[in-house]
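The structure file model-v2.cif is reproduced below (mmCIF, N, CA and C atoms and all ligand atoms).
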data_query
loop_
_atom_site.label_atom_id
_atom_site.label_comp_id
_atom_site.auth_asym_id
_atom_site.auth_seq_id
_atom_site.Cartn_x
_atom_site.Cartn_y
_atom_site.Cartn_z
N MET A 84 0.86 -1.19 0.00
CA MET A 84 0.00 0.00 0.00
C MET A 84 0.90 1.24 0.00
N THR A 85 0.55 2.17 -0.85
CA THR A 85 1.34 3.40 -0.91
C THR A 85 1.01 4.29 0.28
N SER A 86 1.90 5.22 0.55
CA SER A 86 1.71 6.16 1.65
C SER A 86 0.45 7.00 1.41
N LYS A 87 0.23 7.35 0.14
CA LYS A 87 -0.94 8.18 -0.19
C LYS A 87 -2.24 7.41 0.01
N SER A 88 -2.27 6.14 -0.40
CA SER A 88 -3.50 5.38 -0.22
C SER A 88 -3.73 5.05 1.26
N MET A 89 -2.64 4.87 2.04
CA MET A 89 -2.77 4.68 3.50
C MET A 89 -3.36 5.93 4.13
N LYS A 90 -2.87 7.11 3.69
CA LYS A 90 -3.39 8.37 4.21
C LYS A 90 -4.88 8.49 3.92
N ASN A 91 -5.29 8.13 2.69
CA ASN A 91 -6.71 8.20 2.33
C ASN A 91 -7.54 7.22 3.16
N LEU A 92 -6.98 6.05 3.40
CA LEU A 92 -7.69 5.02 4.15
C LEU A 92 -7.93 5.45 5.60
N LEU A 93 -6.91 6.11 6.20
CA LEU A 93 -6.98 6.46 7.62
C LEU A 93 -7.45 7.90 7.85
N ASP A 94 -7.77 8.59 6.80
CA ASP A 94 -8.13 10.01 6.89
C ASP A 94 -9.27 10.32 7.86
N PRO A 95 -10.27 9.43 8.00
CA PRO A 95 -11.38 9.78 8.92
C PRO A 95 -10.97 9.86 10.38
N TRP A 96 -9.83 9.30 10.75
CA TRP A 96 -9.44 9.28 12.16
C TRP A 96 -8.38 10.33 12.47
N SER A 97 -8.46 10.89 13.65
CA SER A 97 -7.49 11.91 14.05
C SER A 97 -6.14 11.26 14.32
N THR A 98 -5.11 12.09 14.29
CA THR A 98 -3.76 11.61 14.60
C THR A 98 -3.72 11.02 16.00
N LYS A 99 -4.41 11.67 16.95
CA LYS A 99 -4.44 11.17 18.34
C LYS A 99 -5.06 9.77 18.40
N THR A 100 -6.19 9.58 17.72
CA THR A 100 -6.85 8.27 17.71
C THR A 100 -5.94 7.21 17.11
N LEU A 101 -5.28 7.56 16.01
CA LEU A 101 -4.39 6.60 15.36
C LEU A 101 -3.20 6.26 16.25
N GLN A 102 -2.68 7.24 16.97
CA GLN A 102 -1.57 6.98 17.89
C GLN A 102 -2.02 6.07 19.04
N GLU A 103 -3.25 6.32 19.54
CA GLU A 103 -3.77 5.46 20.61
C GLU A 103 -3.99 4.04 20.10
N LEU A 104 -4.50 3.94 18.89
CA LEU A 104 -4.71 2.62 18.29
C LEU A 104 -3.39 1.88 18.11
N ARG A 105 -2.37 2.61 17.67
CA ARG A 105 -1.05 2.01 17.51
C ARG A 105 -0.54 1.49 18.84
N THR A 106 -0.68 2.32 19.90
CA THR A 106 -0.24 1.91 21.23
C THR A 106 -1.00 0.66 21.69
N LEU A 107 -2.30 0.65 21.46
CA LEU A 107 -3.12 -0.50 21.84
C LEU A 107 -2.71 -1.74 21.05
N TYR A 108 -2.50 -1.57 19.76
CA TYR A 108 -2.11 -2.69 18.92
C TYR A 108 -0.77 -3.29 19.38
N VAL A 109 0.20 -2.43 19.66
CA VAL A 109 1.51 -2.91 20.12
C VAL A 109 1.35 -3.64 21.45
N HIS A 110 0.51 -3.09 22.32
CA HIS A 110 0.27 -3.72 23.62
C HIS A 110 -0.35 -5.11 23.45
N LEU A 111 -1.40 -5.20 22.63
CA LEU A 111 -2.07 -6.49 22.41
C LEU A 111 -1.10 -7.49 21.80
N ARG A 112 -0.34 -7.05 20.83
CA ARG A 112 0.61 -7.95 20.15
C ARG A 112 1.66 -8.46 21.13
N SER A 113 2.09 -7.59 22.06
CA SER A 113 3.10 -8.02 23.03
C SER A 113 2.55 -9.09 23.98
N HIS A 114 1.21 -9.18 24.06
CA HIS A 114 0.58 -10.21 24.88
C HIS A 114 -0.02 -11.33 24.03
N ASN A 115 0.42 -11.39 22.78
CA ASN A 115 -0.03 -12.43 21.85
C ASN A 115 -1.54 -12.48 21.69
N VAL A 116 -2.19 -11.30 21.75
CA VAL A 116 -3.63 -11.22 21.52
C VAL A 116 -3.83 -10.82 20.06
N THR A 117 -4.61 -11.61 19.34
CA THR A 117 -4.85 -11.30 17.93
C THR A 117 -5.94 -10.23 17.82
N MET A 118 -6.02 -9.60 16.65
CA MET A 118 -7.06 -8.59 16.42
C MET A 118 -8.44 -9.25 16.45
N ASP A 119 -8.53 -10.51 16.00
CA ASP A 119 -9.82 -11.21 16.07
C ASP A 119 -10.25 -11.41 17.52
N GLU A 120 -9.30 -11.81 18.38
CA GLU A 120 -9.61 -11.99 19.81
C GLU A 120 -10.03 -10.65 20.42
N PHE A 121 -9.32 -9.61 20.07
CA PHE A 121 -9.65 -8.28 20.56
C PHE A 121 -11.06 -7.87 20.11
N CYS A 122 -11.36 -8.09 18.83
CA CYS A 122 -12.69 -7.72 18.30
C CYS A 122 -13.79 -8.53 18.98
N ASP A 123 -13.55 -9.81 19.21
CA ASP A 123 -14.55 -10.64 19.90
C ASP A 123 -14.79 -10.10 21.31
N TYR A 124 -13.69 -9.72 21.99
CA TYR A 124 -13.83 -9.19 23.36
C TYR A 124 -14.65 -7.91 23.36
N VAL A 125 -14.31 -6.98 22.45
CA VAL A 125 -15.01 -5.70 22.40
C VAL A 125 -16.48 -5.92 22.05
N ARG A 126 -16.76 -6.86 21.14
CA ARG A 126 -18.13 -7.15 20.74
C ARG A 126 -18.95 -7.60 21.96
N GLY A 127 -18.33 -8.35 22.88
CA GLY A 127 -19.03 -8.86 24.04
C GLY A 127 -19.13 -7.87 25.20
N MET A 128 -18.41 -6.74 25.09
CA MET A 128 -18.36 -5.80 26.22
C MET A 128 -19.73 -5.28 26.62
N SER A 129 -20.53 -4.84 25.67
CA SER A 129 -21.82 -4.24 26.03
C SER A 129 -22.75 -5.28 26.63
N ALA A 130 -22.67 -6.52 26.14
CA ALA A 130 -23.50 -7.58 26.71
C ALA A 130 -23.08 -7.86 28.15
N ARG A 131 -21.74 -7.89 28.39
CA ARG A 131 -21.25 -8.12 29.75
C ARG A 131 -21.63 -6.97 30.67
N ASP A 132 -21.51 -5.72 30.17
CA ASP A 132 -21.89 -4.56 30.97
C ASP A 132 -23.38 -4.61 31.30
N ALA A 133 -24.19 -4.96 30.32
CA ALA A 133 -25.64 -5.03 30.55
C ALA A 133 -25.96 -6.10 31.58
N ALA A 134 -25.27 -7.24 31.50
CA ALA A 134 -25.50 -8.31 32.46
C ALA A 134 -25.09 -7.88 33.86
N ALA A 135 -23.97 -7.16 33.97
CA ALA A 135 -23.52 -6.68 35.27
C ALA A 135 -24.49 -5.66 35.85
N ARG A 136 -24.99 -4.76 34.99
CA ARG A 136 -25.97 -3.77 35.46
C ARG A 136 -27.26 -4.45 35.90
N ALA A 137 -27.70 -5.47 35.17
CA ALA A 137 -28.92 -6.18 35.54
C ALA A 137 -28.75 -6.89 36.88
N GLU A 138 -27.58 -7.47 37.10
CA GLU A 138 -27.32 -8.17 38.36
C GLU A 138 -27.29 -7.18 39.52
N LEU A 139 -26.68 -6.02 39.29
CA LEU A 139 -26.65 -4.99 40.33
C LEU A 139 -28.07 -4.50 40.65
N ALA A 140 -28.87 -4.29 39.62
CA ALA A 140 -30.26 -3.84 39.82
C ALA A 140 -31.05 -4.90 40.57
N ARG A 141 -30.79 -6.19 40.27
CA ARG A 141 -31.49 -7.28 40.95
C ARG A 141 -31.12 -7.29 42.43
N LYS A 142 -29.82 -7.10 42.74
CA LYS A 142 -29.39 -7.09 44.14
C LYS A 142 -29.99 -5.90 44.89
N ARG A 143 -30.05 -4.73 44.21
CA ARG A 143 -30.66 -3.55 44.85
C ARG A 143 -32.14 -3.80 45.12
N ALA A 144 -32.83 -4.42 44.16
CA ALA A 144 -34.27 -4.69 44.33
C ALA A 144 -34.49 -5.65 45.50
N ILE A 145 -33.61 -6.64 45.63
CA ILE A 145 -33.73 -7.59 46.75
C ILE A 145 -33.52 -6.85 48.06
N MET A 146 -32.49 -5.97 48.10
CA MET A 146 -32.22 -5.23 49.33
C MET A 146 -33.39 -4.31 49.67
N GLU A 147 -33.99 -3.68 48.66
CA GLU A 147 -35.15 -2.82 48.93
C GLU A 147 -36.34 -3.64 49.40
N ALA A 148 -36.50 -4.84 48.83
CA ALA A 148 -37.61 -5.71 49.25
C ALA A 148 -37.39 -6.20 50.68
N ALA A 149 -36.11 -6.35 51.06
CA ALA A 149 -35.79 -6.83 52.41
C ALA A 149 -35.90 -5.71 53.44
N ALA A 150 -35.79 -4.46 53.00
CA ALA A 150 -35.76 -3.34 53.94
C ALA A 150 -37.01 -3.30 54.80
N ARG A 151 -36.81 -2.88 56.04
CA ARG A 151 -37.92 -2.68 56.97
C ARG A 151 -38.06 -1.19 57.22
N THR A 152 -39.19 -0.79 57.72
CA THR A 152 -39.41 0.62 58.02
C THR A 152 -39.02 0.89 59.46
N CYS A 153 -38.21 1.92 59.64
CA CYS A 153 -37.76 2.28 60.98
C CYS A 153 -38.96 2.75 61.82
N PRO A 154 -39.15 2.15 62.99
CA PRO A 154 -40.27 2.58 63.83
C PRO A 154 -40.08 3.99 64.39
N GLU A 155 -38.85 4.51 64.37
CA GLU A 155 -38.58 5.84 64.91
C GLU A 155 -38.80 6.94 63.89
N CYS A 156 -38.42 6.71 62.65
CA CYS A 156 -38.44 7.80 61.67
C CYS A 156 -39.04 7.39 60.31
N SER A 157 -39.41 6.15 60.16
CA SER A 157 -40.04 5.64 58.94
C SER A 157 -39.11 5.55 57.73
N TYR A 158 -37.79 5.69 57.94
CA TYR A 158 -36.85 5.48 56.85
C TYR A 158 -36.56 3.98 56.73
N PRO A 159 -35.94 3.56 55.63
CA PRO A 159 -35.64 2.13 55.49
C PRO A 159 -34.54 1.69 56.47
N MET A 160 -34.68 0.45 56.93
CA MET A 160 -33.65 -0.20 57.74
C MET A 160 -33.15 -1.38 56.93
N TYR A 161 -31.82 -1.57 56.93
CA TYR A 161 -31.22 -2.67 56.18
C TYR A 161 -30.44 -3.58 57.11
N PRO A 162 -30.40 -4.87 56.81
CA PRO A 162 -29.68 -5.81 57.67
C PRO A 162 -28.19 -5.87 57.35
N HIS A 163 -27.39 -5.96 58.40
CA HIS A 163 -25.94 -6.14 58.26
C HIS A 163 -25.54 -7.33 59.12
N PRO A 164 -24.60 -8.13 58.66
CA PRO A 164 -24.18 -9.28 59.48
C PRO A 164 -23.43 -8.83 60.73
N VAL A 165 -23.62 -9.57 61.81
CA VAL A 165 -22.87 -9.35 63.05
C VAL A 165 -22.39 -10.71 63.56
N ASN A 166 -21.48 -10.65 64.51
CA ASN A 166 -20.86 -11.85 65.09
C ASN A 166 -20.16 -12.70 64.03
N THR A 167 -19.53 -12.01 63.08
CA THR A 167 -18.76 -12.74 62.07
C THR A 167 -17.30 -12.84 62.48
N GLY A 168 -16.87 -12.03 63.47
CA GLY A 168 -15.49 -12.02 63.92
C GLY A 168 -15.32 -11.01 65.04
N PRO A 169 -14.10 -10.81 65.50
CA PRO A 169 -13.87 -9.89 66.62
C PRO A 169 -14.36 -8.46 66.36
N ALA A 170 -14.32 -8.00 65.13
CA ALA A 170 -14.67 -6.61 64.83
C ALA A 170 -16.16 -6.32 64.99
N ASP A 171 -17.01 -7.32 64.82
CA ASP A 171 -18.45 -7.07 64.94
C ASP A 171 -19.10 -8.03 65.93
N ASN A 172 -18.33 -8.42 66.92
CA ASN A 172 -18.83 -9.35 67.94
C ASN A 172 -19.78 -8.61 68.88
N VAL A 173 -21.05 -9.02 68.87
CA VAL A 173 -22.04 -8.43 69.77
C VAL A 173 -22.62 -9.48 70.72
N GLY A 174 -22.25 -10.73 70.53
CA GLY A 174 -22.74 -11.80 71.39
C GLY A 174 -24.22 -12.05 71.18
N GLY A 175 -24.82 -12.73 72.15
CA GLY A 175 -26.27 -12.93 72.14
C GLY A 175 -26.79 -13.87 71.08
N GLY A 176 -25.91 -14.51 70.35
CA GLY A 176 -26.38 -15.43 69.32
C GLY A 176 -27.01 -14.71 68.12
N PHE A 177 -26.79 -13.40 68.03
CA PHE A 177 -27.36 -12.65 66.91
C PHE A 177 -26.53 -12.87 65.65
N ARG A 178 -27.22 -12.80 64.51
CA ARG A 178 -26.53 -12.99 63.23
C ARG A 178 -26.63 -11.76 62.34
N ALA A 179 -27.53 -10.84 62.70
CA ALA A 179 -27.68 -9.62 61.88
C ALA A 179 -28.16 -8.47 62.75
N GLN A 180 -27.92 -7.27 62.24
CA GLN A 180 -28.39 -6.05 62.89
C GLN A 180 -29.14 -5.23 61.85
N TRP A 181 -30.35 -4.86 62.18
CA TRP A 181 -31.10 -3.94 61.34
C TRP A 181 -30.65 -2.55 61.70
N PHE A 182 -30.34 -1.74 60.71
CA PHE A 182 -29.81 -0.40 60.96
C PHE A 182 -30.56 0.61 60.11
N CYS A 183 -31.02 1.70 60.75
CA CYS A 183 -31.72 2.77 60.04
C CYS A 183 -30.70 3.71 59.41
N VAL A 184 -30.85 3.95 58.11
CA VAL A 184 -29.90 4.81 57.40
C VAL A 184 -30.11 6.28 57.75
N ASN A 185 -31.23 6.61 58.39
CA ASN A 185 -31.52 8.01 58.71
C ASN A 185 -31.18 8.37 60.15
N CYS A 186 -31.72 7.63 61.11
CA CYS A 186 -31.57 8.04 62.51
C CYS A 186 -30.62 7.14 63.30
N GLY A 187 -30.14 6.06 62.70
CA GLY A 187 -29.20 5.20 63.39
C GLY A 187 -29.87 4.20 64.33
N ASN A 188 -31.18 4.19 64.38
CA ASN A 188 -31.89 3.20 65.18
C ASN A 188 -31.46 1.81 64.71
N SER A 189 -31.31 0.89 65.66
CA SER A 189 -30.91 -0.45 65.25
C SER A 189 -31.43 -1.47 66.23
N PHE A 190 -31.54 -2.68 65.75
CA PHE A 190 -31.82 -3.81 66.63
C PHE A 190 -31.27 -5.07 65.99
N PHE A 191 -31.07 -6.07 66.84
CA PHE A 191 -30.44 -7.32 66.39
C PHE A 191 -31.48 -8.39 66.12
N THR A 192 -31.10 -9.34 65.30
CA THR A 192 -31.94 -10.49 65.03
C THR A 192 -31.07 -11.73 64.96
N ARG A 193 -31.67 -12.87 65.24
CA ARG A 193 -30.93 -14.13 65.13
C ARG A 193 -30.98 -14.68 63.71
N ARG A 194 -31.73 -14.02 62.84
CA ARG A 194 -31.80 -14.45 61.44
C ARG A 194 -30.55 -13.97 60.71
N ALA A 195 -30.04 -14.81 59.83
CA ALA A 195 -28.87 -14.44 59.02
C ALA A 195 -29.30 -13.51 57.89
N VAL A 196 -28.40 -12.61 57.50
CA VAL A 196 -28.67 -11.71 56.37
C VAL A 196 -29.01 -12.52 55.13
N SER A 197 -28.29 -13.63 54.91
CA SER A 197 -28.54 -14.44 53.72
C SER A 197 -29.98 -14.97 53.73
N ASP A 198 -30.47 -15.36 54.92
CA ASP A 198 -31.86 -15.84 55.01
C ASP A 198 -32.85 -14.71 54.73
N ILE A 199 -32.55 -13.53 55.27
CA ILE A 199 -33.42 -12.37 55.07
C ILE A 199 -33.50 -12.02 53.58
N LEU A 200 -32.33 -12.03 52.93
CA LEU A 200 -32.30 -11.67 51.50
C LEU A 200 -32.95 -12.75 50.64
N GLU A 201 -32.75 -14.02 51.03
CA GLU A 201 -33.41 -15.11 50.29
C GLU A 201 -34.92 -14.97 50.35
N GLU A 202 -35.41 -14.65 51.54
CA GLU A 202 -36.85 -14.48 51.69
C GLU A 202 -37.33 -13.30 50.85
N ALA A 203 -36.57 -12.21 50.87
CA ALA A 203 -36.96 -11.02 50.08
C ALA A 203 -36.96 -11.35 48.60
N GLU A 204 -35.98 -12.15 48.16
CA GLU A 204 -35.93 -12.53 46.75
C GLU A 204 -37.15 -13.37 46.40
N GLY A 205 -37.54 -14.25 47.32
CA GLY A 205 -38.74 -15.05 47.09
C GLY A 205 -39.98 -14.17 46.95
N LEU A 206 -40.04 -13.14 47.79
CA LEU A 206 -41.17 -12.22 47.71
C LEU A 206 -41.16 -11.46 46.38
N LEU A 207 -39.96 -11.08 45.96
CA LEU A 207 -39.85 -10.37 44.67
C LEU A 207 -40.34 -11.25 43.53
N LYS A 208 -39.96 -12.54 43.59
CA LYS A 208 -40.36 -13.46 42.52
C LYS A 208 -41.87 -13.64 42.48
N GLN A 209 -42.49 -13.55 43.65
CA GLN A 209 -43.95 -13.63 43.68
C GLN A 209 -44.56 -12.36 43.09
N SER A 210 -43.75 -11.29 43.07
CA SER A 210 -44.17 -9.99 42.50
C SER A 210 -45.47 -9.49 43.10
N ASP A 211 -45.63 -9.76 44.40
CA ASP A 211 -46.85 -9.25 45.03
C ASP A 211 -46.56 -7.98 45.81
N GLY A 212 -45.30 -7.54 45.78
CA GLY A 212 -44.96 -6.32 46.49
C GLY A 212 -44.99 -6.48 47.99
N GLY A 213 -45.09 -7.71 48.47
CA GLY A 213 -45.18 -7.96 49.90
C GLY A 213 -43.87 -7.71 50.61
N ARG A 214 -43.92 -7.54 51.89
CA ARG A 214 -42.74 -7.30 52.71
C ARG A 214 -42.46 -8.53 53.56
N SER A 215 -41.28 -8.56 54.11
CA SER A 215 -40.90 -9.65 54.99
C SER A 215 -41.87 -9.76 56.16
N ASP A 216 -42.10 -11.00 56.61
CA ASP A 216 -42.95 -11.22 57.78
C ASP A 216 -42.16 -11.02 59.06
N ASP A 217 -40.88 -10.72 58.93
CA ASP A 217 -40.01 -10.52 60.09
C ASP A 217 -40.29 -9.14 60.66
N SER A 218 -41.50 -8.96 61.22
CA SER A 218 -41.92 -7.62 61.60
C SER A 218 -41.83 -7.38 63.11
N ALA A 219 -41.34 -8.35 63.85
CA ALA A 219 -41.17 -8.12 65.28
C ALA A 219 -40.18 -6.99 65.46
N PRO A 220 -40.48 -6.01 66.31
CA PRO A 220 -39.60 -4.85 66.42
C PRO A 220 -38.23 -5.22 66.95
N CYS A 221 -38.12 -6.27 67.72
CA CYS A 221 -36.82 -6.59 68.30
C CYS A 221 -36.78 -8.03 68.77
N GLU A 222 -35.69 -8.69 68.48
CA GLU A 222 -35.47 -10.01 69.06
C GLU A 222 -34.32 -9.88 70.03
N GLY A 223 -34.61 -9.92 71.29
CA GLY A 223 -33.56 -9.88 72.29
C GLY A 223 -33.22 -8.48 72.76
N GLY A 224 -33.95 -7.49 72.37
CA GLY A 224 -33.75 -6.14 72.88
C GLY A 224 -32.71 -5.35 72.13
N ASP A 225 -32.76 -4.05 72.25
CA ASP A 225 -31.76 -3.18 71.62
C ASP A 225 -30.42 -3.38 72.28
N ALA A 226 -29.39 -3.13 71.57
CA ALA A 226 -28.06 -3.27 72.15
C ALA A 226 -27.23 -2.07 71.78
ZN ZN A 301 -34.82 5.76 61.73
#
File written out as structure tokens:
Amino acid sequence: MTSKSMKNLLDPWSTKTLQELRTLYVHLRSHNVTMDEFCDYVRGMSARDAAARAELARKRAIMEAAARTCPECSYPMYPHPVNTGPADNVGGGFRAQWFCVNCGNSFFTRRAVSDILEEAEGLLKQSDGGRSDDSAPCEGGDA
């Protein structure tokens, strides 16, 4: 290919873009990645991003379905694991703490966060908009 025909071929791209492409190409080649492998990867990027966003949205929906209403201020309360190690040791056989994101109100439960979220996911799948039946204000008192 002549220099003139190369210039015509690459004319739509800026010098900066072409320099970045050259850097990328050299990088890929140094790792034995072919242009076909690179193109396949880029082709799958949006699908992978969409899948990751959908998974994040699903986890948020489960957390919102699991949330309880704070009896003090009516903001959402979310469960956090406790007694997993020395840093969050509260004793009492508790496995989770409900915590209000607004006023800091909290109480403990012997239910595991994983169980709470599983139940919330089940409620979501029923799509009835129902809330957890774990409505007792406190198991074992505030701490
Ligand atoms: Zn509150």
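Considering all atoms listed in the file, every residue of the polymer chains approaching ligand ZN 301 (chain A) to 6.5 Å or closer is listed here: Cys153, Pro154, Glu155, Cys156, Ser157, Tyr158, Cys183, Val184, Asn185, Cys186, Gly187 and Asn188 of chain A.
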List every residue of chain A that DSSP, applied to the backbone of this structure, places in helix (DSSP H, G or I), and write the result as a PyMOL selection string. chain A and resi 86-93+98-113+118-149+169-171+196-209
Contacts of A:Ser197 at 10 Å (only C-alpha atoms; same-chain gap of 5+ positions) as a ChimeraX atom specification: /A:162-164,178-179,202-203
Calculate, to one decimal in Å, the centre and edge lengths of the box along x, y and z of the file that holds all listed atoms of stretch 114-123 of chain A with 3 Å of margin on each side, and present them as JSON.
{"center_x": -6.8, "center_y": -10.1, "center_z": 20.4, "size_x": 22.0, "size_y": 10.8, "size_z": 14.9}
Let's see if you can do this: from backbone DSSP, list all strand (DSSP E or B) residues in stretch 95-226 of chain A, as a list in words. Arg151, Thr152, Pro159, Met160, Tyr161, Pro162, His163, Pro164, Ala179, Gln180, Trp181, Phe182, Cys183, Ser189, Phe190, Phe191 and Thr192 of chain A
Writer output for current selection, N, CA and C atoms, as a JSON list (two decimals), in the frame of the given file:
[["chain", "number", "residue", "atom", "x", "y", "z"],
["A", 151, "ARG", "N", -36.81, -2.88, 56.04],
["A", 151, "ARG", "CA", -37.92, -2.68, 56.97],
["A", 151, "ARG", "C", -38.06, -1.19, 57.22],
["A", 152, "THR", "N", -39.19, -0.79, 57.72],
["A", 152, "THR", "CA", -39.41, 0.62, 58.02],
["A", 152, "THR", "C", -39.02, 0.89, 59.46],
["A", 159, "PRO", "N", -35.94, 3.56, 55.63],
["A", 159, "PRO", "CA", -35.64, 2.13, 55.49],
["A", 159, "PRO", "C", -34.54, 1.69, 56.47],
["A", 160, "MET", "N", -34.68, 0.45, 56.93],
["A", 160, "MET", "CA", -33.65, -0.20, 57.74],
["A", 160, "MET", "C", -33.15, -1.38, 56.93],
["A", 161, "TYR", "N", -31.82, -1.57, 56.93],
["A", 161, "TYR", "CA", -31.22, -2.67, 56.18],
["A", 161, "TYR", "C", -30.44, -3.58, 57.11],
["A", 162, "PRO", "N", -30.40, -4.87, 56.81],
["A", 162, "PRO", "CA", -29.68, -5.81, 57.67],
["A", 162, "PRO", "C", -28.19, -5.87, 57.35],
["A", 163, "HIS", "N", -27.39, -5.96, 58.40],
["A", 163, "HIS", "CA", -25.94, -6.14, 58.26],
["A", 163, "HIS", "C", -25.54, -7.33, 59.12],
["A", 164, "PRO", "N", -24.60, -8.13, 58.66],
["A", 164, "PRO", "CA", -24.18, -9.28, 59.48],
["A", 164, "PRO", "C", -23.43, -8.83, 60.73],
["A", 179, "ALA", "N", -27.53, -10.84, 62.70],
["A", 179, "ALA", "CA", -27.68, -9.62, 61.88],
["A", 179, "ALA", "C", -28.16, -8.47, 62.75],
["A", 180, "GLN", "N", -27.92, -7.27, 62.24],
["A", 180, "GLN", "CA", -28.39, -6.05, 62.89],
["A", 180, "GLN", "C", -29.14, -5.23, 61.85],
["A", 181, "TRP", "N", -30.35, -4.86, 62.18],
["A", 181, "TRP", "CA", -31.10, -3.94, 61.34],
["A", 181, "TRP", "C", -30.65, -2.55, 61.70],
["A", 182, "PHE", "N", -30.34, -1.74, 60.71],
["A", 182, "PHE", "CA", -29.81, -0.40, 60.96],
["A", 182, "PHE", "C", -30.56, 0.61, 60.11],
["A", 183, "CYS", "N", -31.02, 1.70, 60.75],
["A", 183, "CYS", "CA", -31.72, 2.77, 60.04],
["A", 183, "CYS", "C", -30.70, 3.71, 59.41],
["A", 189, "SER", "N", -31.31, 0.89, 65.66],
["A", 189, "SER", "CA", -30.91, -0.45, 65.25],
["A", 189, "SER", "C", -31.43, -1.47, 66.23],
["A", 190, "PHE", "N", -31.54, -2.68, 65.75],
["A", 190, "PHE", "CA", -31.82, -3.81, 66.63],
["A", 190, "PHE", "C", -31.27, -5.07, 65.99],
["A", 191, "PHE", "N", -31.07, -6.07, 66.84],
["A", 191, "PHE", "CA", -30.44, -7.32, 66.39],
["A", 191, "PHE", "C", -31.48, -8.39, 66.12],
["A", 192, "THR", "N", -31.10, -9.34, 65.30],
["A", 192, "THR", "CA", -31.94, -10.49, 65.03],
["A", 192, "THR", "C", -31.07, -11.73, 64.96]]
Would you kindly return, as a PyMOL selection string, each protein, DNA or RNA residue with an atom no farther than 12 Å from any atom of stretch 137-147 of chain A, considering only C-alpha atoms and excluding same-chain residues fewer than 3 positions away? chain A and resi 130-134+150-152+158-163+196-208+210+212-215
Just the number, please: distance in Å from atom N of A:Asn172 to atom C of A:Phe190, one decimal. 13.4 Å
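The residue that comes closest to A:Gly175, out of A:Leu111, A:Ser88, A:Arg193, A:Phe121 and on the basis of all atoms listed in the file, is A:Arg193.
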